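The data block below is model-v4.txt; it holds compact mmCIF, C-alpha atoms and all ligand atoms.
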# COMPACT_ATOMS: atom_id res chain seq x y z
CA MET A 642 14.48 16.92 10.40
CA LYS A 643 10.81 16.51 9.49
CA ASN A 644 9.60 13.00 8.56
CA ILE A 645 7.44 12.67 5.45
CA ILE A 646 5.45 9.42 5.23
CA ILE A 647 4.27 8.50 1.75
CA SER A 648 1.98 5.66 0.70
CA MET A 649 2.74 5.03 -2.99
CA GLY A 650 0.12 3.00 -4.86
CA GLY A 651 1.26 0.01 -6.86
CA SER A 652 -0.37 1.75 -9.84
CA LEU A 653 2.56 4.21 -9.65
CA VAL A 654 5.40 1.87 -8.70
CA ASN A 655 5.66 -0.88 -11.27
CA ILE A 656 7.77 -2.01 -14.22
CA HIS A 657 5.62 -0.05 -16.70
CA ASN A 658 6.37 3.34 -15.10
CA LYS A 659 10.15 3.63 -15.57
CA GLU A 660 10.18 7.26 -16.73
CA TYR A 661 7.84 8.35 -13.96
CA LEU A 662 9.93 6.55 -11.32
CA GLU A 663 13.07 8.28 -12.60
CA ASN A 664 11.35 11.65 -12.15
CA PHE A 665 9.92 10.68 -8.78
CA SER A 666 13.30 9.51 -7.42
CA LYS A 667 14.94 12.72 -8.68
CA MET A 668 12.31 14.78 -6.88
CA ILE A 669 12.79 12.85 -3.61
CA SER A 670 16.61 13.05 -3.92
CA SER A 671 16.38 16.83 -4.37
CA LEU A 672 14.41 17.10 -1.10
CA MET A 673 16.58 14.72 0.97
CA LYS A 674 18.50 17.64 2.48
CA ASP A 675 15.27 19.01 3.96
CA TYR A 676 13.28 15.91 4.93
CA HIS A 677 13.49 12.27 5.94
CA PHE A 678 11.15 10.01 3.97
CA VAL A 679 9.42 6.70 4.63
CA ILE A 680 7.91 5.42 1.40
CA VAL A 681 5.49 2.49 1.67
CA VAL A 682 4.88 0.85 -1.70
CA GLY A 683 1.67 -0.96 -2.76
CA GLY A 684 1.06 -4.00 -4.93
CA GLY A 685 -1.18 -2.67 -7.72
CA LYS A 686 -2.45 -4.76 -10.64
CA ILE A 687 0.34 -7.34 -10.39
CA ALA A 688 -0.71 -8.19 -6.81
CA ARG A 689 -4.37 -8.36 -7.82
CA ASP A 690 -3.57 -10.67 -10.77
CA TYR A 691 -1.47 -13.04 -8.64
CA ILE A 692 -4.08 -13.05 -5.89
CA SER A 693 -6.89 -13.75 -8.31
CA ILE A 694 -5.24 -16.88 -9.72
CA ALA A 695 -4.35 -18.19 -6.25
CA ARG A 696 -7.96 -17.50 -5.13
CA GLU A 697 -9.29 -19.51 -8.09
CA ASN A 698 -6.95 -22.30 -7.00
CA GLY A 699 -8.69 -22.30 -3.61
CA GLU A 700 -6.09 -20.67 -1.34
CA ASN A 701 -7.37 -18.92 1.82
CA GLU A 702 -7.35 -15.13 2.41
CA PHE A 703 -4.30 -15.28 4.69
CA PHE A 704 -2.31 -16.99 1.95
CA LEU A 705 -3.56 -14.48 -0.64
CA ASP A 706 -2.44 -11.61 1.60
CA LYS A 707 1.00 -13.25 1.89
CA ILE A 708 1.25 -13.17 -1.92
CA GLY A 709 0.17 -9.49 -1.91
CA ILE A 710 2.83 -8.62 0.67
CA GLU A 711 5.59 -10.25 -1.39
CA ILE A 712 4.52 -8.28 -4.48
CA THR A 713 4.53 -5.00 -2.53
CA ARG A 714 8.10 -5.85 -1.46
CA VAL A 715 9.17 -6.54 -5.03
CA ASN A 716 7.72 -3.15 -6.05
CA ALA A 717 9.51 -1.53 -3.10
CA LEU A 718 12.80 -3.11 -4.20
CA LEU A 719 12.14 -1.83 -7.72
CA LEU A 720 11.65 1.70 -6.37
CA LYS A 721 14.83 1.39 -4.27
CA SER A 722 16.77 0.58 -7.46
CA PHE A 723 15.94 4.05 -8.82
CA PHE A 724 18.09 5.44 -5.95
CA ALA A 725 21.09 3.19 -6.73
CA GLY A 726 24.33 4.84 -5.66
CA ILE A 727 22.62 7.40 -3.44
CA ASP A 728 23.68 7.17 0.22
CA GLY A 729 21.06 6.94 2.92
CA VAL A 730 18.35 5.20 0.89
CA LYS A 731 17.43 1.80 2.35
CA PHE A 732 14.98 -0.99 1.59
CA LEU A 733 13.42 -2.35 4.78
CA ASN A 734 11.51 -5.61 5.25
CA SER A 735 9.50 -4.07 8.03
CA ILE A 736 8.83 -0.69 9.63
CA ASP A 737 10.26 -2.18 12.85
CA GLU A 738 13.68 -1.80 11.18
CA ILE A 739 13.29 1.98 10.83
CA ASP A 740 16.24 3.54 12.59
CA ASN A 741 18.54 6.24 11.27
CA PHE A 742 17.25 6.85 7.80
CA ASN A 743 17.17 9.43 5.06
CA VAL A 744 14.85 7.51 2.78
CA ALA A 745 13.36 4.19 3.99
CA ILE A 746 11.47 2.21 1.36
CA THR A 747 9.25 -0.67 2.40
CA GLY A 748 6.19 -2.70 1.41
CA GLY A 749 3.50 -4.60 3.30
CA THR A 750 3.96 -6.22 6.70
CA HIS A 751 1.21 -8.57 7.95
CA PRO A 752 -1.88 -10.18 6.40
CA GLY A 753 -5.22 -8.47 7.01
CA HIS A 754 -4.56 -4.91 5.85
CA THR A 755 -3.07 -2.83 3.05
CA THR A 756 0.06 -0.75 2.63
CA ASP A 757 -2.01 2.37 3.37
CA ALA A 758 -2.51 1.01 6.88
CA VAL A 759 1.26 0.36 7.11
CA ALA A 760 1.88 4.03 6.21
CA LEU A 761 -0.60 5.19 8.87
CA LEU A 762 1.00 2.91 11.49
CA THR A 763 4.41 4.30 10.53
CA ALA A 764 3.11 7.82 11.11
CA GLU A 765 1.82 6.76 14.55
CA MET A 766 5.16 5.17 15.42
CA LEU A 767 7.13 8.26 14.39
CA ASN A 768 4.59 10.70 15.88
CA SER A 769 4.00 12.25 12.45
CA LYS A 770 0.71 14.02 11.89
CA LYS A 771 0.47 13.57 8.13
CA VAL A 772 0.56 10.82 5.49
CA ILE A 773 0.63 11.56 1.77
CA ASN A 774 -1.34 8.98 -0.18
CA ALA A 775 -0.21 9.01 -3.82
CA THR A 776 -2.47 7.34 -6.34
CA THR A 777 -3.49 7.80 -9.99
CA VAL A 778 -6.69 9.79 -9.45
CA ASP A 779 -6.79 13.40 -8.24
CA GLY A 780 -8.17 12.59 -4.78
CA ILE A 781 -11.35 11.19 -3.26
CA TYR A 782 -14.48 11.63 -5.38
CA ASP A 783 -18.16 11.12 -4.61
CA ARG A 784 -18.24 8.55 -7.45
CA ASP A 785 -15.64 6.64 -9.43
CA PRO A 786 -14.03 9.36 -11.64
CA LYS A 787 -12.86 6.72 -14.12
CA LYS A 788 -16.52 5.76 -14.76
CA TYR A 789 -18.42 9.03 -14.18
CA LYS A 790 -17.30 12.25 -15.90
CA ASP A 791 -19.33 14.43 -13.49
CA ALA A 792 -17.82 12.86 -10.34
CA LYS A 793 -17.13 15.54 -7.71
CA LEU A 794 -13.73 15.80 -6.00
CA PHE A 795 -13.83 16.39 -2.24
CA GLU A 796 -11.26 19.05 -1.28
CA ASN A 797 -11.78 18.20 2.39
CA ILE A 798 -13.55 15.33 4.07
CA SER A 799 -13.72 14.31 7.74
CA TYR A 800 -12.89 10.83 9.02
CA THR A 801 -16.53 10.46 10.14
CA ASP A 802 -17.99 11.43 6.75
CA LEU A 803 -15.56 9.14 4.92
CA LEU A 804 -16.35 6.24 7.25
CA THR A 805 -20.10 6.90 6.78
CA ILE A 806 -19.73 6.77 2.99
CA PHE A 807 -17.59 3.67 3.39
CA MET A 808 -20.29 1.83 5.35
CA LYS A 809 -22.98 2.82 2.81
CA ASN A 810 -20.89 1.44 -0.04
CA LEU A 811 -19.74 -1.78 1.60
CA SER A 812 -21.46 -3.94 -1.02
CA SER A 813 -19.98 -2.12 -4.02
CA ALA A 814 -16.71 -0.37 -4.85
CA GLY A 815 -17.48 3.07 -3.41
CA PRO A 816 -16.00 6.52 -3.90
CA ASN A 817 -13.49 6.15 -1.11
CA GLN A 818 -11.84 2.94 -2.25
CA VAL A 819 -8.61 4.92 -2.44
CA LEU A 820 -8.37 4.33 1.33
CA ASP A 821 -9.36 1.24 3.29
CA PHE A 822 -11.43 1.20 6.48
CA LEU A 823 -8.55 0.35 8.84
CA SER A 824 -6.38 3.19 7.51
CA ILE A 825 -9.13 5.73 8.17
CA LYS A 826 -9.65 4.34 11.69
CA ILE A 827 -5.92 4.58 12.49
CA ALA A 828 -5.84 8.13 11.13
CA GLU A 829 -8.88 9.00 13.24
CA ARG A 830 -7.57 7.56 16.50
CA SER A 831 -4.28 9.44 16.22
CA ASN A 832 -5.59 12.50 14.36
CA ILE A 833 -3.30 12.01 11.36
CA GLU A 834 -4.13 14.04 8.25
CA ILE A 835 -4.19 12.06 4.98
CA ASP A 836 -3.43 14.07 1.84
CA VAL A 837 -4.67 12.11 -1.18
CA ILE A 838 -3.00 13.25 -4.40
CA ASN A 839 -2.40 12.16 -7.96
CA GLY A 840 1.22 11.04 -7.66
CA LEU A 841 1.81 11.41 -11.40
CA ASP A 842 1.84 15.21 -11.01
CA ILE A 843 5.35 15.69 -9.59
CA GLU A 844 5.00 19.48 -9.03
CA ASN A 845 1.79 18.94 -7.07
CA PHE A 846 3.51 16.10 -5.15
CA LYS A 847 6.26 18.55 -4.10
CA LYS A 848 3.64 21.02 -2.87
CA ALA A 849 2.03 18.36 -0.68
CA ILE A 850 5.44 17.40 0.75
CA ARG A 851 6.30 21.03 1.50
CA GLY A 852 2.92 21.65 3.14
CA GLU A 853 1.86 24.12 0.45
CA LYS A 854 -1.60 24.26 -1.12
CA PHE A 855 -2.01 21.29 -3.46
CA LYS A 856 -4.68 19.71 -5.64
CA GLY A 857 -6.24 16.69 -3.96
CA THR A 858 -8.28 15.69 -0.92
CA VAL A 859 -7.42 16.42 2.69
CA VAL A 860 -8.85 13.85 5.11
CA LYS A 861 -8.85 15.11 8.69
CA GLU A 862 -11.02 15.88 11.69
CA LYS A 863 -13.81 18.40 11.03
P1 LIG B 1 -1.90 -2.90 -1.41
O1 LIG B 1 -1.59 -2.09 -0.24
O2 LIG B 1 -1.37 -2.47 -2.73
O3 LIG B 1 -3.47 -3.18 -1.46
O4 LIG B 1 -1.42 -4.38 -1.14
P2 LIG B 1 -4.65 -2.41 -2.16
O5 LIG B 1 -4.85 -1.10 -1.48
O6 LIG B 1 -5.79 -3.37 -2.17
O7 LIG B 1 -4.12 -2.22 -3.63
P3 LIG B 1 -4.37 -1.06 -4.67
O8 LIG B 1 -4.57 0.22 -3.89
O9 LIG B 1 -5.59 -1.49 -5.40
O10 LIG B 1 -3.10 -1.05 -5.47
C1 LIG B 1 -1.74 -5.45 -2.03
C2 LIG B 1 -2.29 -6.63 -1.26
O11 LIG B 1 -1.27 -7.18 -0.39
C3 LIG B 1 -1.81 -7.61 0.84
C4 LIG B 1 -3.33 -7.42 0.71
O12 LIG B 1 -3.86 -8.61 0.17
C5 LIG B 1 -3.43 -6.30 -0.30
O13 LIG B 1 -4.69 -6.28 -0.97
N1 LIG B 1 -1.19 -6.87 1.97
C6 LIG B 1 -0.51 -5.71 1.74
C7 LIG B 1 -1.27 -7.37 3.25
O14 LIG B 1 -1.91 -8.40 3.50
N2 LIG B 1 -0.63 -6.70 4.27
C8 LIG B 1 0.06 -5.56 4.06
O15 LIG B 1 0.65 -5.01 5.04
C9 LIG B 1 0.10 -5.04 2.77

Go ahead and render the structure in this file as structure tokens.
Ligand code: UTP
Amino acid sequence: MKNIIISMGGSLVNIHNKEYLENFSKMISSLMKDYHFVIVVGGGKIARDYISIARENGENEFFLDKIGIEITRVNALLLKSFFAGIDGVKFLNSIDEIDNFNVAITGGTHPGHTTDAVALLTAEMLNSKKVINATTVDGIYDRDPKKYKDAKLFENISYTDLLTIFMKNLSSAGPNQVLDFLSIKIAERSNIEIDVINGLDIENFKKAIRGEKFKGTVVKEK
């Protein structure tokens, strides 16, 4: 059965999104007969808030990442709870525990990267050629769509072009902040396509899972 690897932003998986998570878990449950899923959950605002206080207190980056990882795991456990009573859905502490699974839900692993990188590494491990990155914007824009109304959505962008933009914007939050540098490099070295979508649109989400045409950005080789 085909493996679908999803990186779910913490902006989607959190205690304020109960109704959405009910719909999301129903959608995944309805597709469990056709696919196996690995869902890697991010930390979102809660992680940023915790990290910011600990940073003010003087903790080092490694320690701050450890806090972030724990929050991603709490969010992953929260998501798992929306599948209560459904067989074959497991929370994992690490992608190393992935074995026979229908739906494996996990968070961060080690300091120094994000859950997007964990999703890309999972795809490498399972020889999958695609990761769906679900966030709360419609894809990757040339400018921050939350600040600029005329921001342009890329339908397709190559790893090289995205990395070039990334380097240009190192000093400020750039257009591609949806994905971090390491994730793009892992995708590039193993030629893994990243489909960036607005996870709030469940119908569009289904299209991306099924490999149909969807609204969002496809990151791949030229
Ligand atoms: P996220 O994956 O949510 O980071 O993990 P992010 O992409 O910066 O967050 P969003 O997209 O804005 O929601 C939250 C934090 O947890 C730590 C990092 O500090 C990260 O910023 N983390 C996460 C790790 O150190 N390792 C991991 O494997 C995952």

Best match for closeness to Lys847 (chain A) among A:Ser769, A:Ile833, A:Ala775, A:Ile798, counting all atoms listed in the file:
A:Ala775

Polymer residues at most 12 Å from Lys854 (chain A), all atoms listed in the file, same-chain spacing of 3 or more positions, as a ChimeraX atom specification
/A:796,836,838,844-851,857-859

Applying 9 Å and only C-alpha atoms, which residues near Leu841 (chain A) remain after dropping the ones on its own chain fewer than 5 positions away? List them as a short mmCIF file (atom, residue, chain, number, x, y, z; two decimals) with C-alpha atoms, in the coordinates of the input.
data_model
loop_
_atom_site.label_atom_id
_atom_site.label_comp_id
_atom_site.auth_asym_id
_atom_site.auth_seq_id
_atom_site.Cartn_x
_atom_site.Cartn_y
_atom_site.Cartn_z
CA LEU A 653 2.56 4.21 -9.65
CA TYR A 661 7.84 8.35 -13.96
CA PHE A 665 9.92 10.68 -8.78
CA ALA A 775 -0.21 9.01 -3.82
CA THR A 776 -2.47 7.34 -6.34
CA THR A 777 -3.49 7.80 -9.99
CA VAL A 778 -6.69 9.79 -9.45
CA PHE A 846 3.51 16.10 -5.15
#

Interface rows for chain A against ligand LIG 1 (chain B): nearest pair, Å to one decimal, 6 Å, all atoms listed in the file, as CSV:
residue,atom,partner,partner_atom,distance
A:Gly650,CA,B:LIG1,O10,5.2
A:Gly651,CA,B:LIG1,O10,4.7
A:Ser652,CA,B:LIG1,O10,5.9
A:Gly683,CA,B:LIG1,O2,3.4
A:Gly684,CA,B:LIG1,O2,3.6
A:Gly685,CA,B:LIG1,O10,3.4
A:Ala688,CA,B:LIG1,C1,5.6
A:Leu705,CA,B:LIG1,O12,5.9
A:Asp706,CA,B:LIG1,O12,3.6
A:Lys707,CA,B:LIG1,O14,5.9
A:Gly709,CA,B:LIG1,O11,3.1
A:Ile710,CA,B:LIG1,O11,4.5
A:Gly749,CA,B:LIG1,O15,3.4
A:Thr750,CA,B:LIG1,O15,3.9
A:His751,CA,B:LIG1,N2,4.5
A:Pro752,CA,B:LIG1,O14,3.4
A:Gly753,CA,B:LIG1,O14,4.8
A:His754,CA,B:LIG1,N2,4.6
A:Thr755,CA,B:LIG1,O1,3.7
A:Thr756,CA,B:LIG1,O1,3.6
A:Asp757,CA,B:LIG1,O1,5.8
A:Val759,CA,B:LIG1,O15,5.8

Written file, previous selection with C-alpha atoms, as a PDB file, keeping the file's coordinate frame:
ATOM      1  CA  GLY A 650       0.120   3.000  -4.860  1.00  0.00           C
ATOM      2  CA  GLY A 651       1.260   0.010  -6.860  1.00  0.00           C
ATOM      3  CA  SER A 652      -0.370   1.750  -9.840  1.00  0.00           C
ATOM      4  CA  GLY A 683       1.670  -0.960  -2.760  1.00  0.00           C
ATOM      5  CA  GLY A 684       1.060  -4.000  -4.930  1.00  0.00           C
ATOM      6  CA  GLY A 685      -1.180  -2.670  -7.720  1.00  0.00           C
ATOM      7  CA  ALA A 688      -0.710  -8.190  -6.810  1.00  0.00           C
ATOM      8  CA  LEU A 705      -3.560 -14.480  -0.640  1.00  0.00           C
ATOM      9  CA  ASP A 706      -2.440 -11.610   1.600  1.00  0.00           C
ATOM     10  CA  LYS A 707       1.000 -13.250   1.890  1.00  0.00           C
ATOM     11  CA  GLY A 709       0.170  -9.490  -1.910  1.00  0.00           C
ATOM     12  CA  ILE A 710       2.830  -8.620   0.670  1.00  0.00           C
ATOM     13  CA  GLY A 749       3.500  -4.600   3.300  1.00  0.00           C
ATOM     14  CA  THR A 750       3.960  -6.220   6.700  1.00  0.00           C
ATOM     15  CA  HIS A 751       1.210  -8.570   7.950  1.00  0.00           C
ATOM     16  CA  PRO A 752      -1.880 -10.180   6.400  1.00  0.00           C
ATOM     17  CA  GLY A 753      -5.220  -8.470   7.010  1.00  0.00           C
ATOM     18  CA  HIS A 754      -4.560  -4.910   5.850  1.00  0.00           C
ATOM     19  CA  THR A 755      -3.070  -2.830   3.050  1.00  0.00           C
ATOM     20  CA  THR A 756       0.060  -0.750   2.630  1.00  0.00           C
ATOM     21  CA  ASP A 757      -2.010   2.370   3.370  1.00  0.00           C
ATOM     22  CA  VAL A 759       1.260   0.360   7.110  1.00  0.00           C
TER      23      VAL A 759
END

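With all atoms listed in the file as the atoms that count, the minimum distance from Ala725 (chain A) to the choices A:Asp785, A:Glu663, A:Asn774, A:Lys856 is reached by A:Glu663.
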
So that I can see what lies close to region 815-831 of chain A, please list as a PyMOL selection string the residues with an atom at most 10 Å from it, counting all atoms listed in the file and leaving out residues fewer than 2 positions away in the same chain.
chain A and resi 650+753-762+764-765+768-772+774-778+780-786+792-794+799-801+803-804+806-813+833-835+837+860-862

Distance CA of Leu719 (chain A)-CA of Asp737 (chain A), one decimal place?
20.7 Å

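Minimum atom-to-atom distance to Phe732 (chain A), evaluated using only C-alpha atoms, belongs to A:Val744 out of A:Leu662, A:Ile694, A:Val744, A:Ile708.
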
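Across the structure, CA of Ser666 (chain A) and CA of Met642 (chain A) are spaced 19.3 Å apart.
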
What's the separation between CA of Glu700 (chain A) and CA of Asn716 (chain A), in Å to one decimal place?
22.8 Å

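Counting all atoms listed in the file and comparing A:Met766, A:Val679, A:Ile712, A:Ile687, the residue that lies closest to Lys731 (chain A) is A:Val679.
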
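Shortest atom-to-atom contact with Leu718 (chain A) among A:Asn743, A:Leu767, A:Asn839, A:Val654: A:Val654, counting all atoms listed in the file.
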
Tell me which of A:Glu702, A:Asp728, A:Asp779, A:Glu711 sits closest to Ser670 (chain A), counting only C-alpha atoms.
A:Asp728

Return as lines of an AutoDock Vina configuration file the box centre and box size in Å, one decimal, for an axis-aligned box around all listed atoms of region 794-813 of chain A padded by 8 Å per side.
center_x = -17.1
center_y = 7.6
center_z = 2.1
size_x = 27.7
size_y = 39.0
size_z = 32.1
